[in-house]
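J.: I am sharing entry-v3.pdb, which consists of PDB, C-alpha atoms and all ligand atoms:
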```pdb
ATOM      1  CA  MET D   5       6.522   9.583  19.336  1.00  0.00           C
ATOM      2  CA  ASN D   6       9.463   9.897  21.750  1.00  0.00           C
ATOM      3  CA  MET D   7      12.863  10.750  20.358  1.00  0.00           C
ATOM      4  CA  ASP D   8      14.305   7.495  21.774  1.00  0.00           C
ATOM      5  CA  ARG D   9      12.396   5.710  19.024  1.00  0.00           C
ATOM      6  CA  GLU D  10      14.851   6.891  16.397  1.00  0.00           C
ATOM      7  CA  ASP D  11      15.425   3.386  15.092  1.00  0.00           C
ATOM      8  CA  TYR D  12      11.761   2.884  14.239  1.00  0.00           C
ATOM      9  CA  LEU D  13      11.073   2.081  10.607  1.00  0.00           C
ATOM     10  CA  GLN D  14       8.774   3.674   8.059  1.00  0.00           C
ATOM     11  CA  LEU D  15       5.562   1.700   8.004  1.00  0.00           C
ATOM     12  CA  SER D  16       5.142   2.080   4.242  1.00  0.00           C
ATOM     13  CA  GLY D  17       8.306   0.017   3.772  1.00  0.00           C
ATOM     14  CA  ILE D  18       6.539  -3.194   4.786  1.00  0.00           C
ATOM     15  CA  GLN D  19       4.789  -3.447   1.400  1.00  0.00           C
ATOM     16  CA  HIS D  20       8.209  -3.328  -0.298  1.00  0.00           C
ATOM     17  CA  TYR D  21       9.721  -5.802   2.153  1.00  0.00           C
ATOM     18  CA  ALA D  22       6.818  -8.228   1.584  1.00  0.00           C
ATOM     19  CA  PHE D  23       7.333  -7.849  -2.182  1.00  0.00           C
ATOM     20  CA  CYS D  24      11.109  -8.306  -1.932  1.00  0.00           C
ATOM     21  CA  PRO D  25      13.364  -7.683   1.105  1.00  0.00           C
ATOM     22  CA  ARG D  26      16.162  -6.519  -1.168  1.00  0.00           C
ATOM     23  CA  GLN D  27      13.929  -3.956  -2.843  1.00  0.00           C
ATOM     24  CA  TRP D  28      12.985  -2.583   0.579  1.00  0.00           C
ATOM     25  CA  ALA D  29      16.638  -2.373   1.664  1.00  0.00           C
ATOM     26  CA  LEU D  30      17.715  -0.695  -1.574  1.00  0.00           C
ATOM     27  CA  ILE D  31      15.024   1.961  -1.135  1.00  0.00           C
ATOM     28  CA  TYR D  32      14.957   2.493   2.628  1.00  0.00           C
ATOM     29  CA  LEU D  33      18.475   1.564   3.739  1.00  0.00           C
ATOM     30  CA  GLU D  34      20.458   2.593   0.660  1.00  0.00           C
ATOM     31  CA  GLY D  35      18.218   5.390  -0.620  1.00  0.00           C
ATOM     32  CA  GLN D  36      17.834   4.128  -4.188  1.00  0.00           C
ATOM     33  CA  TRP D  37      14.596   4.803  -6.021  1.00  0.00           C
ATOM     34  CA  GLU D  38      13.834   4.132  -9.684  1.00  0.00           C
ATOM     35  CA  GLU D  39      10.469   5.302 -10.871  1.00  0.00           C
ATOM     36  CA  ASN D  40       8.414   3.075 -13.129  1.00  0.00           C
ATOM     37  CA  VAL D  41       4.849   3.427 -14.311  1.00  0.00           C
ATOM     38  CA  LEU D  42       3.464   1.626 -11.253  1.00  0.00           C
ATOM     39  CA  THR D  43       5.368   3.660  -8.676  1.00  0.00           C
ATOM     40  CA  TYR D  44       4.572   6.909 -10.511  1.00  0.00           C
ATOM     41  CA  GLY D  45       0.878   6.086 -10.647  1.00  0.00           C
ATOM     42  CA  GLY D  46       0.902   5.165  -6.962  1.00  0.00           C
ATOM     43  CA  GLN D  47       2.552   8.437  -5.956  1.00  0.00           C
ATOM     44  CA  LYS D  48       0.060  10.433  -8.019  1.00  0.00           C
ATOM     45  CA  LEU D  49      -2.883   8.696  -6.377  1.00  0.00           C
ATOM     46  CA  HIS D  50      -1.419   9.286  -2.906  1.00  0.00           C
ATOM     47  CA  ARG D  51      -0.848  12.951  -3.714  1.00  0.00           C
ATOM     48  CA  ASN D  52      -4.526  13.234  -4.588  1.00  0.00           C
ATOM     49  CA  VAL D  53      -5.627  11.445  -1.411  1.00  0.00           C
ATOM     50  CA  ASN D  54      -3.263  13.435   0.783  1.00  0.00           C
ATOM     51  CA  ARG D  55      -3.929  16.777  -0.881  1.00  0.00           C
ATOM     52  CA  SER D  56      -6.406  17.826   1.773  1.00  0.00           C
ATOM     53  CA  GLU D  57      -4.914  17.363   5.227  1.00  0.00           C
ATOM     54  CA  PHE D  58      -8.057  17.835   7.185  1.00  0.00           C
ATOM     55  CA  THR D  59     -10.932  16.134   8.847  1.00  0.00           C
ATOM     56  CA  GLU D  60     -14.441  16.355   7.499  1.00  0.00           C
ATOM     57  CA  SER D  61     -17.769  15.053   8.774  1.00  0.00           C
ATOM     58  CA  ARG D  62     -20.230  13.186   6.591  1.00  0.00           C
ATOM     59  CA  GLY D  63     -23.301  12.236   8.593  1.00  0.00           C
ATOM     60  CA  GLU D  64     -22.380   9.398  10.940  1.00  0.00           C
ATOM     61  CA  MET D  65     -18.789   9.424   9.732  1.00  0.00           C
ATOM     62  CA  ILE D  66     -15.689  11.546  10.323  1.00  0.00           C
ATOM     63  CA  ILE D  67     -12.988  11.302   7.656  1.00  0.00           C
ATOM     64  CA  SER D  68      -9.373  12.075   8.555  1.00  0.00           C
ATOM     65  CA  ARG D  69      -6.660  12.179   5.893  1.00  0.00           C
ATOM     66  CA  SER D  70      -2.883  11.809   6.275  1.00  0.00           C
ATOM     67  CA  VAL D  71      -3.114  10.534   9.828  1.00  0.00           C
ATOM     68  CA  PRO D  72       0.246  10.099  11.644  1.00  0.00           C
ATOM     69  CA  VAL D  73       0.485   6.638  13.243  1.00  0.00           C
ATOM     70  CA  PHE D  74       3.099   4.638  15.126  1.00  0.00           C
ATOM     71  CA  SER D  75       3.472   1.385  17.022  1.00  0.00           C
ATOM     72  CA  ASP D  76       5.911   0.402  19.759  1.00  0.00           C
ATOM     73  CA  ARG D  77       5.060  -3.217  19.147  1.00  0.00           C
ATOM     74  CA  LEU D  78       6.007  -3.142  15.451  1.00  0.00           C
ATOM     75  CA  ARG D  79       8.577  -0.325  15.849  1.00  0.00           C
ATOM     76  CA  PHE D  80       6.918   1.520  12.968  1.00  0.00           C
ATOM     77  CA  TYR D  81       5.900   5.084  12.285  1.00  0.00           C
ATOM     78  CA  GLY D  82       4.122   6.490   9.264  1.00  0.00           C
ATOM     79  CA  ILE D  83       1.115   8.168   7.737  1.00  0.00           C
ATOM     80  CA  ALA D  84      -2.201   6.433   7.156  1.00  0.00           C
ATOM     81  CA  ASP D  85      -3.831   7.646   3.906  1.00  0.00           C
ATOM     82  CA  MET D  86      -7.257   7.897   5.452  1.00  0.00           C
ATOM     83  CA  VAL D  87      -9.057   6.847   8.612  1.00  0.00           C
ATOM     84  CA  GLU D  88     -12.829   6.835   8.691  1.00  0.00           C
ATOM     85  CA  PHE D  89     -14.358   7.170  12.145  1.00  0.00           C
ATOM     86  CA  ILE D  90     -17.800   5.612  12.144  1.00  0.00           C
ATOM     87  CA  GLY D  91     -20.325   6.443  14.850  1.00  0.00           C
ATOM     88  CA  ASP D  92     -20.345   3.581  17.385  1.00  0.00           C
ATOM     89  CA  ASP D  93     -21.460   4.362  20.930  1.00  0.00           C
ATOM     90  CA  VAL D  94     -20.641   0.831  22.118  1.00  0.00           C
ATOM     91  CA  ASN D  95     -17.187   0.050  20.698  1.00  0.00           C
ATOM     92  CA  GLY D  96     -15.985   3.490  19.620  1.00  0.00           C
ATOM     93  CA  VAL D  97     -13.320   5.901  20.876  1.00  0.00           C
ATOM     94  CA  THR D  98     -13.468   9.613  21.559  1.00  0.00           C
ATOM     95  CA  VAL D  99     -12.463  12.086  18.849  1.00  0.00           C
ATOM     96  CA  VAL D 100     -11.330  15.633  19.689  1.00  0.00           C
ATOM     97  CA  ASN D 101     -14.168  18.191  19.479  1.00  0.00           C
ATOM     98  CA  LYS D 102     -16.709  15.558  18.404  1.00  0.00           C
ATOM     99  CA  PRO D 103     -19.405  14.315  20.761  1.00  0.00           C
ATOM    100  CA  GLY D 104     -20.072  10.582  21.006  1.00  0.00           C
ATOM    101  CA  LEU D 105     -17.855   7.594  20.239  1.00  0.00           C
ATOM    102  CA  TRP D 106     -16.356   6.666  16.867  1.00  0.00           C
ATOM    103  CA  ARG D 107     -14.874   3.449  15.549  1.00  0.00           C
ATOM    104  CA  PRO D 108     -11.712   3.866  13.404  1.00  0.00           C
ATOM    105  CA  LEU D 109     -11.511   2.156  10.002  1.00  0.00           C
ATOM    106  CA  PRO D 110      -8.182   2.486   8.130  1.00  0.00           C
ATOM    107  CA  VAL D 111      -8.468   2.909   4.348  1.00  0.00           C
ATOM    108  CA  GLU D 112      -5.308   2.497   2.242  1.00  0.00           C
ATOM    109  CA  TYR D 113      -5.227   3.782  -1.355  1.00  0.00           C
ATOM    110  CA  LYS D 114      -3.492   1.828  -4.110  1.00  0.00           C
ATOM    111  CA  TYR D 115      -3.023   2.828  -7.729  1.00  0.00           C
ATOM    112  CA  GLY D 116      -3.199  -0.594  -9.333  1.00  0.00           C
ATOM    113  CA  GLN D 117      -5.411  -3.608  -8.989  1.00  0.00           C
ATOM    114  CA  SER D 118      -5.921  -6.095  -6.165  1.00  0.00           C
ATOM    115  CA  LYS D 119      -3.001  -8.517  -5.826  1.00  0.00           C
ATOM    116  CA  ARG D 120      -2.710 -12.147  -4.865  1.00  0.00           C
ATOM    117  CA  SER D 121       0.316 -11.378  -2.728  1.00  0.00           C
ATOM    118  CA  SER D 122      -0.231  -9.988   0.749  1.00  0.00           C
ATOM    119  CA  CYS D 123       1.952  -6.830   0.250  1.00  0.00           C
ATOM    120  CA  ASP D 124      -0.976  -4.406   0.478  1.00  0.00           C
ATOM    121  CA  ARG D 125      -2.767  -6.324   3.206  1.00  0.00           C
ATOM    122  CA  VAL D 126       0.226  -6.391   5.563  1.00  0.00           C
ATOM    123  CA  GLN D 127       0.631  -2.626   5.110  1.00  0.00           C
ATOM    124  CA  LEU D 128      -3.019  -2.084   5.976  1.00  0.00           C
ATOM    125  CA  CYS D 129      -2.735  -4.503   8.896  1.00  0.00           C
ATOM    126  CA  ALA D 130       0.293  -2.594  10.239  1.00  0.00           C
ATOM    127  CA  GLN D 131      -1.721   0.645  10.062  1.00  0.00           C
ATOM    128  CA  ALA D 132      -4.620  -1.017  11.864  1.00  0.00           C
ATOM    129  CA  MET D 133      -2.286  -2.346  14.579  1.00  0.00           C
ATOM    130  CA  CYS D 134      -0.923   1.180  15.048  1.00  0.00           C
ATOM    131  CA  LEU D 135      -4.466   2.502  15.483  1.00  0.00           C
ATOM    132  CA  GLU D 136      -5.289  -0.308  17.922  1.00  0.00           C
ATOM    133  CA  GLU D 137      -2.262   0.620  20.013  1.00  0.00           C
ATOM    134  CA  THR D 138      -3.035   4.343  19.884  1.00  0.00           C
ATOM    135  CA  PHE D 139      -6.710   4.003  20.799  1.00  0.00           C
ATOM    136  CA  ASN D 140      -6.444   0.826  22.915  1.00  0.00           C
ATOM    137  CA  ILE D 141      -9.102  -0.820  20.794  1.00  0.00           C
ATOM    138  CA  ASP D 142      -9.512  -4.047  18.770  1.00  0.00           C
ATOM    139  CA  LEU D 143     -10.281  -3.707  15.060  1.00  0.00           C
ATOM    140  CA  ASP D 144     -11.794  -6.412  12.859  1.00  0.00           C
ATOM    141  CA  GLU D 145     -11.192  -4.995   9.398  1.00  0.00           C
ATOM    142  CA  GLY D 146      -9.721  -2.317   7.188  1.00  0.00           C
ATOM    143  CA  HIS D 147     -10.316  -1.369   3.547  1.00  0.00           C
ATOM    144  CA  ILE D 148      -8.025  -1.013   0.533  1.00  0.00           C
ATOM    145  CA  PHE D 149      -9.202   1.257  -2.273  1.00  0.00           C
ATOM    146  CA  TYR D 150      -7.814   0.140  -5.637  1.00  0.00           C
ATOM    147  CA  GLY D 151      -7.614   2.540  -8.577  1.00  0.00           C
ATOM    148  CA  ARG D 152      -7.903  -0.057 -11.389  1.00  0.00           C
ATOM    149  CA  PRO D 153     -10.731  -0.847 -11.368  1.00  0.00           C
ATOM    150  CA  ARG D 154     -11.931   1.616  -8.762  1.00  0.00           C
ATOM    151  CA  ARG D 155     -13.218  -0.470  -5.895  1.00  0.00           C
ATOM    152  CA  ARG D 156     -12.822  -1.115  -2.212  1.00  0.00           C
ATOM    153  CA  GLU D 157     -11.597  -4.422  -0.841  1.00  0.00           C
ATOM    154  CA  VAL D 158     -12.487  -5.428   2.704  1.00  0.00           C
ATOM    155  CA  VAL D 159      -9.520  -6.936   4.567  1.00  0.00           C
ATOM    156  CA  HIS D 160     -10.222  -9.010   7.650  1.00  0.00           C
ATOM    157  CA  LEU D 161      -7.524  -8.543  10.250  1.00  0.00           C
ATOM    158  CA  SER D 162      -7.095 -12.236  10.956  1.00  0.00           C
ATOM    159  CA  GLU D 163      -4.609 -13.719  13.403  1.00  0.00           C
ATOM    160  CA  GLY D 164      -2.669 -15.114  10.438  1.00  0.00           C
ATOM    161  CA  LEU D 165      -2.360 -11.687   8.810  1.00  0.00           C
ATOM    162  CA  ARG D 166      -1.285 -10.145  12.114  1.00  0.00           C
ATOM    163  CA  GLN D 167       1.379 -12.837  12.626  1.00  0.00           C
ATOM    164  CA  GLU D 168       2.695 -12.289   9.105  1.00  0.00           C
ATOM    165  CA  THR D 169       2.842  -8.529   9.690  1.00  0.00           C
ATOM    166  CA  MET D 170       4.730  -8.937  12.982  1.00  0.00           C
ATOM    167  CA  GLN D 171       7.144 -11.439  11.427  1.00  0.00           C
ATOM    168  CA  LEU D 172       7.949  -9.054   8.550  1.00  0.00           C
ATOM    169  CA  ALA D 173       8.375  -6.111  10.933  1.00  0.00           C
ATOM    170  CA  GLU D 174      10.790  -8.179  13.023  1.00  0.00           C
ATOM    171  CA  GLU D 175      12.827  -9.192   9.968  1.00  0.00           C
ATOM    172  CA  MET D 176      12.969  -5.586   8.751  1.00  0.00           C
ATOM    173  CA  TYR D 177      14.241  -4.452  12.121  1.00  0.00           C
ATOM    174  CA  LYS D 178      16.918  -7.161  12.116  1.00  0.00           C
ATOM    175  CA  CYS D 179      18.033  -6.162   8.618  1.00  0.00           C
ATOM    176  CA  GLN D 180      18.269  -2.533   9.661  1.00  0.00           C
ATOM    177  CA  SER D 181      20.201  -3.441  12.833  1.00  0.00           C
ATOM    178  CA  LEU D 182      22.665  -5.427  10.743  1.00  0.00           C
ATOM    179  CA  GLY D 183      22.860  -2.543   8.266  1.00  0.00           C
ATOM    180  CA  MET D 184      22.981  -5.009   5.415  1.00  0.00           C
ATOM    181  CA  THR D 185      21.017  -5.355   2.212  1.00  0.00           C
ATOM    182  CA  PRO D 186      19.661  -8.875   1.558  1.00  0.00           C
ATOM    183  CA  PRO D 187      20.944 -10.520  -1.621  1.00  0.00           C
ATOM    184  CA  PRO D 188      18.790 -10.674  -4.769  1.00  0.00           C
ATOM    185  CA  MET D 189      16.185 -13.402  -4.993  1.00  0.00           C
ATOM    186  CA  TYR D 190      15.473 -13.757  -8.671  1.00  0.00           C
ATOM    187  CA  GLY D 191      11.870 -14.514  -9.569  1.00  0.00           C
ATOM    188  CA  LYS D 192       8.870 -13.405 -11.614  1.00  0.00           C
ATOM    189  CA  HIS D 193       8.409 -10.430  -9.295  1.00  0.00           C
ATOM    190  CA  CYS D 194      11.669  -8.968 -10.661  1.00  0.00           C
ATOM    191  CA  GLU D 195       9.850  -8.197 -13.941  1.00  0.00           C
ATOM    192  CA  ARG D 196       7.682  -5.675 -12.057  1.00  0.00           C
ATOM    193  CA  CYS D 197      10.504  -4.241  -9.967  1.00  0.00           C
ATOM    194  CA  SER D 198      11.557  -0.647 -10.520  1.00  0.00           C
ATOM    195  CA  LEU D 199      15.056  -1.431  -9.236  1.00  0.00           C
ATOM    196  CA  VAL D 200      15.866  -4.332 -11.526  1.00  0.00           C
ATOM    197  CA  GLU D 201      18.760  -2.517 -13.198  1.00  0.00           C
ATOM    198  CA  ALA D 202      20.369  -1.491  -9.921  1.00  0.00           C
ATOM    199  CA  CYS D 203      19.834  -4.932  -8.429  1.00  0.00           C
ATOM    200  CA  VAL D 204      20.975  -7.299 -11.230  1.00  0.00           C
ATOM    201  CA  PRO D 205      18.987 -10.218  -9.758  1.00  0.00           C
ATOM    202  CA  SER D 206      20.027 -12.750 -12.412  1.00  0.00           C
ATOM    203  CA  LEU D 207      23.477 -12.960 -10.780  1.00  0.00           C
ATOM    204  CA  ALA D 208      21.966 -14.068  -7.483  1.00  0.00           C
ATOM    205  CA  LYS D 209      22.636 -17.270  -5.591  1.00  0.00           C
ATOM    206  CA  ARG D 210      19.349 -18.836  -4.468  1.00  0.00           C
ATOM    207  CA  GLN D 211      18.597 -18.501  -0.737  1.00  0.00           C
ATOM    208  CA  THR D 212      15.722 -17.330   1.443  1.00  0.00           C
ATOM    209  CA  VAL D 213      15.720 -14.210   3.611  1.00  0.00           C
ATOM    210  CA  SER D 214      15.535 -16.366   6.745  1.00  0.00           C
ATOM    211  CA  GLN D 215      18.634 -18.248   5.625  1.00  0.00           C
ATOM    212  CA  TYR D 216      20.349 -14.943   4.945  1.00  0.00           C
ATOM    213  CA  LEU D 217      19.395 -13.476   8.327  1.00  0.00           C
ATOM    214  CA  ASP D 218      20.389 -16.660  10.155  1.00  0.00           C
ATOM    215  CA  ARG D 219      23.747 -16.579   8.427  1.00  0.00           C
ATOM    216  CA  MET D 220      24.308 -12.891   9.203  1.00  0.00           C
ATOM    217  CA  LEU D 221      23.270 -13.275  12.858  1.00  0.00           C
TER     218      LEU D 221
HETATM  219  S1  LIG D 301      15.075  -7.021  -9.093  1.00  0.00           S
HETATM  220 FE1  LIG D 301      14.121  -8.755  -8.022  1.00  0.00          FE
HETATM  221  S2  LIG D 301      15.582  -9.341  -6.407  1.00  0.00           S
HETATM  222 FE2  LIG D 301      16.144  -7.289  -7.149  1.00  0.00          FE
HETATM  223  S3  LIG D 301      15.150  -5.870  -5.753  1.00  0.00           S
HETATM  224 FE3  LIG D 301      13.781  -6.145  -7.501  1.00  0.00          FE
HETATM  225  S4  LIG D 301      12.412  -7.817  -6.951  1.00  0.00           S
HETATM  226 FE4  LIG D 301      14.132  -7.861  -5.523  1.00  0.00          FE
END
```
Could you render the structure as structure tokens?

T.:
Amino acid sequence: MNMDREDYLQLSGIQHYAFCPRQWALIYLEGQWEENVLTYGGQKLHRNVNRSEFTESRGEMIISRSVPVFSDRLRFYGIADMVEFIGDDVNGVTVVNKPGLWRPLPVEYKYGQSKRSSCDRVQLCAQAMCLEETFNIDLDEGHIFYGRPRRREVVHLSEGLRQETMQLAEEMYKCQSLGMTPPPMYGKHCERCSLVEACVPSLAKRQTVSQYLDRML
């Protein structure tokens, strides 16, 4: 990553922005962080995944942990929990010190259970788009490993999911450029928010993020 990309955003923030733009801004723009049982569990799981920063081979698969990624298109940088490189001599890419071609598959680890909202899927999609840009390759899917219950979910990288990811990345960039935290948007999601006390969402006036951004711009 060149140093002129200083305004790039942390990729992991997109899951917070998709959950609530204000939560993202409070954490990433204002530096507030309140730990609750969900965030603590998530950090513990990531510590376990990221404990071994190395690459290992398992038969027709190479597993890389804590992989640095970035995208000029999304203006993101970050760390992918795990990328599996699966032997594929037709559609694969080269991997340093490994003969043959290998197809990357991003795997994101989550502490909780699968959600109806797209928060986790847009994060995975952003990681996949970073890998596509890095390796100049098209990917069809990624996986999310959930801790409760322990299982993998296959995520198809559809055009709709990609559009949603790009839209969120664009909004995040605009918010950062404006240097302003979106107002609270009170809803059921506030009950699961670790920043509810700092945010005081019940005092909010109802408006959407688009309305807020339009007004600020
Ligand atoms: S309390 Fe609600 S509005 Fe406030 S940051 Fe959390 S989710 Fe967003």

J.: Assuming 8 Å of padding per side, give the centre and edge lengths of the axis-aligned box around every listed atom of segment 197-203 of chain D, in Å to one decimal and as AutoDock Vina command-line options.

T.:
```
--center_x 15.4 --center_y -2.8 --center_z -10.8 --size_x 25.9 --size_y 20.3 --size_z 20.8
```

J.: Around ligand LIG 301 (chain D), which protein and nucleic acid residues have at least one atom no more than 9 Å from it, if we count only C-alpha atoms and all ligand atoms? List them as a ChimeraX atom specification.

T.: /D:23-30,186-206,208

J.: Identify all residues satisfying the PyMOL selection byres (((chain D and resi 63-78) around 6) and not hetatm) in the given file; provide them as a PDB file with C-alpha atoms, in the frame of the given file.

T.:
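Generated output (result08.pdb):
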```pdb
ATOM      1  CA  ASN D  54      -3.263  13.435   0.783  1.00  0.00           C
ATOM      2  CA  GLU D  57      -4.914  17.363   5.227  1.00  0.00           C
ATOM      3  CA  PHE D  58      -8.057  17.835   7.185  1.00  0.00           C
ATOM      4  CA  THR D  59     -10.932  16.134   8.847  1.00  0.00           C
ATOM      5  CA  GLU D  60     -14.441  16.355   7.499  1.00  0.00           C
ATOM      6  CA  SER D  61     -17.769  15.053   8.774  1.00  0.00           C
ATOM      7  CA  ARG D  62     -20.230  13.186   6.591  1.00  0.00           C
ATOM      8  CA  ARG D  79       8.577  -0.325  15.849  1.00  0.00           C
ATOM      9  CA  PHE D  80       6.918   1.520  12.968  1.00  0.00           C
ATOM     10  CA  TYR D  81       5.900   5.084  12.285  1.00  0.00           C
ATOM     11  CA  GLY D  82       4.122   6.490   9.264  1.00  0.00           C
ATOM     12  CA  ILE D  83       1.115   8.168   7.737  1.00  0.00           C
ATOM     13  CA  ALA D  84      -2.201   6.433   7.156  1.00  0.00           C
ATOM     14  CA  ASP D  85      -3.831   7.646   3.906  1.00  0.00           C
ATOM     15  CA  MET D  86      -7.257   7.897   5.452  1.00  0.00           C
ATOM     16  CA  VAL D  87      -9.057   6.847   8.612  1.00  0.00           C
ATOM     17  CA  GLU D  88     -12.829   6.835   8.691  1.00  0.00           C
ATOM     18  CA  PHE D  89     -14.358   7.170  12.145  1.00  0.00           C
ATOM     19  CA  ILE D  90     -17.800   5.612  12.144  1.00  0.00           C
ATOM     20  CA  GLY D  91     -20.325   6.443  14.850  1.00  0.00           C
ATOM     21  CA  CYS D 134      -0.923   1.180  15.048  1.00  0.00           C
ATOM     22  CA  ALA D 173       8.375  -6.111  10.933  1.00  0.00           C
TER      23      ALA D 173
END
```

J.: Counting only C-alpha atoms, which residues come within 12 Å of (15.8, -7.2, 14.6), with the point read in the file's coordinates, and could you list them as JSON, numbers by chain?

T.: {"D": [11, 12, 13, 78, 79, 170, 171, 172, 173, 174, 175, 176, 177, 178, 179, 180, 181, 182, 183, 184, 217, 218, 220, 221]}

J.: Within 10 Å of segment 144-147 of chain D, counting only C-alpha atoms, which residues qualify if same-chain residues fewer than 6 places away don't, as JSON, numbers by chain?

T.: {"D": [86, 87, 88, 108, 109, 110, 111, 112, 113, 125, 128, 129, 131, 132, 155, 156, 157, 158, 159, 160, 161, 162]}

J.: Quick one, how far is atom CA of Gln127 of chain D from atom CA of Ala22 of chain D?

T.: 9.1 Å

J.: Need a file for segment 184-200 of chain D from that block: N, CA and C atoms, written as a short mmCIF file (atom, residue, chain, number, x, y, z; two decimals), in the first residue's frame.

T.:
```
data_model
loop_
_atom_site.label_atom_id
_atom_site.label_comp_id
_atom_site.auth_asym_id
_atom_site.auth_seq_id
_atom_site.Cartn_x
_atom_site.Cartn_y
_atom_site.Cartn_z
N MET D 184 -17.79 13.86 10.19
CA MET D 184 -18.95 14.01 11.05
C MET D 184 -19.59 12.67 11.35
N THR D 185 -20.07 12.55 12.57
CA THR D 185 -20.71 11.32 13.02
C THR D 185 -22.20 11.37 12.71
N PRO D 186 -22.74 10.39 11.97
CA PRO D 186 -24.18 10.39 11.69
C PRO D 186 -24.99 10.39 12.98
N PRO D 187 -26.19 10.94 12.93
CA PRO D 187 -27.04 10.98 14.13
C PRO D 187 -27.56 9.59 14.47
N PRO D 188 -28.06 9.40 15.70
CA PRO D 188 -28.60 8.09 16.07
C PRO D 188 -29.83 7.74 15.24
N MET D 189 -29.97 6.47 14.94
CA MET D 189 -31.19 5.98 14.31
C MET D 189 -31.72 4.88 15.20
N TYR D 190 -32.67 5.26 16.05
CA TYR D 190 -33.15 4.34 17.07
C TYR D 190 -33.92 3.18 16.45
N GLY D 191 -33.59 1.98 16.90
CA GLY D 191 -34.29 0.79 16.39
C GLY D 191 -33.97 -0.40 17.26
N LYS D 192 -34.47 -1.57 16.85
CA LYS D 192 -34.25 -2.79 17.64
C LYS D 192 -32.76 -3.11 17.78
N HIS D 193 -31.99 -2.73 16.72
CA HIS D 193 -30.56 -3.04 16.75
C HIS D 193 -29.86 -2.36 17.93
N CYS D 194 -30.44 -1.27 18.43
CA CYS D 194 -29.80 -0.56 19.55
C CYS D 194 -29.69 -1.45 20.79
N GLU D 195 -30.62 -2.42 20.92
CA GLU D 195 -30.59 -3.31 22.09
C GLU D 195 -29.32 -4.17 22.10
N ARG D 196 -28.73 -4.38 20.93
CA ARG D 196 -27.53 -5.23 20.84
C ARG D 196 -26.27 -4.40 20.68
N CYS D 197 -26.42 -3.08 20.82
CA CYS D 197 -25.27 -2.20 20.55
C CYS D 197 -24.46 -1.95 21.80
N SER D 198 -23.15 -2.10 21.69
CA SER D 198 -22.27 -1.91 22.84
C SER D 198 -22.11 -0.43 23.18
N LEU D 199 -22.56 0.46 22.30
CA LEU D 199 -22.35 1.89 22.53
C LEU D 199 -23.63 2.62 22.89
N VAL D 200 -24.64 1.85 23.32
CA VAL D 200 -25.95 2.47 23.54
C VAL D 200 -25.90 3.59 24.59
#
```
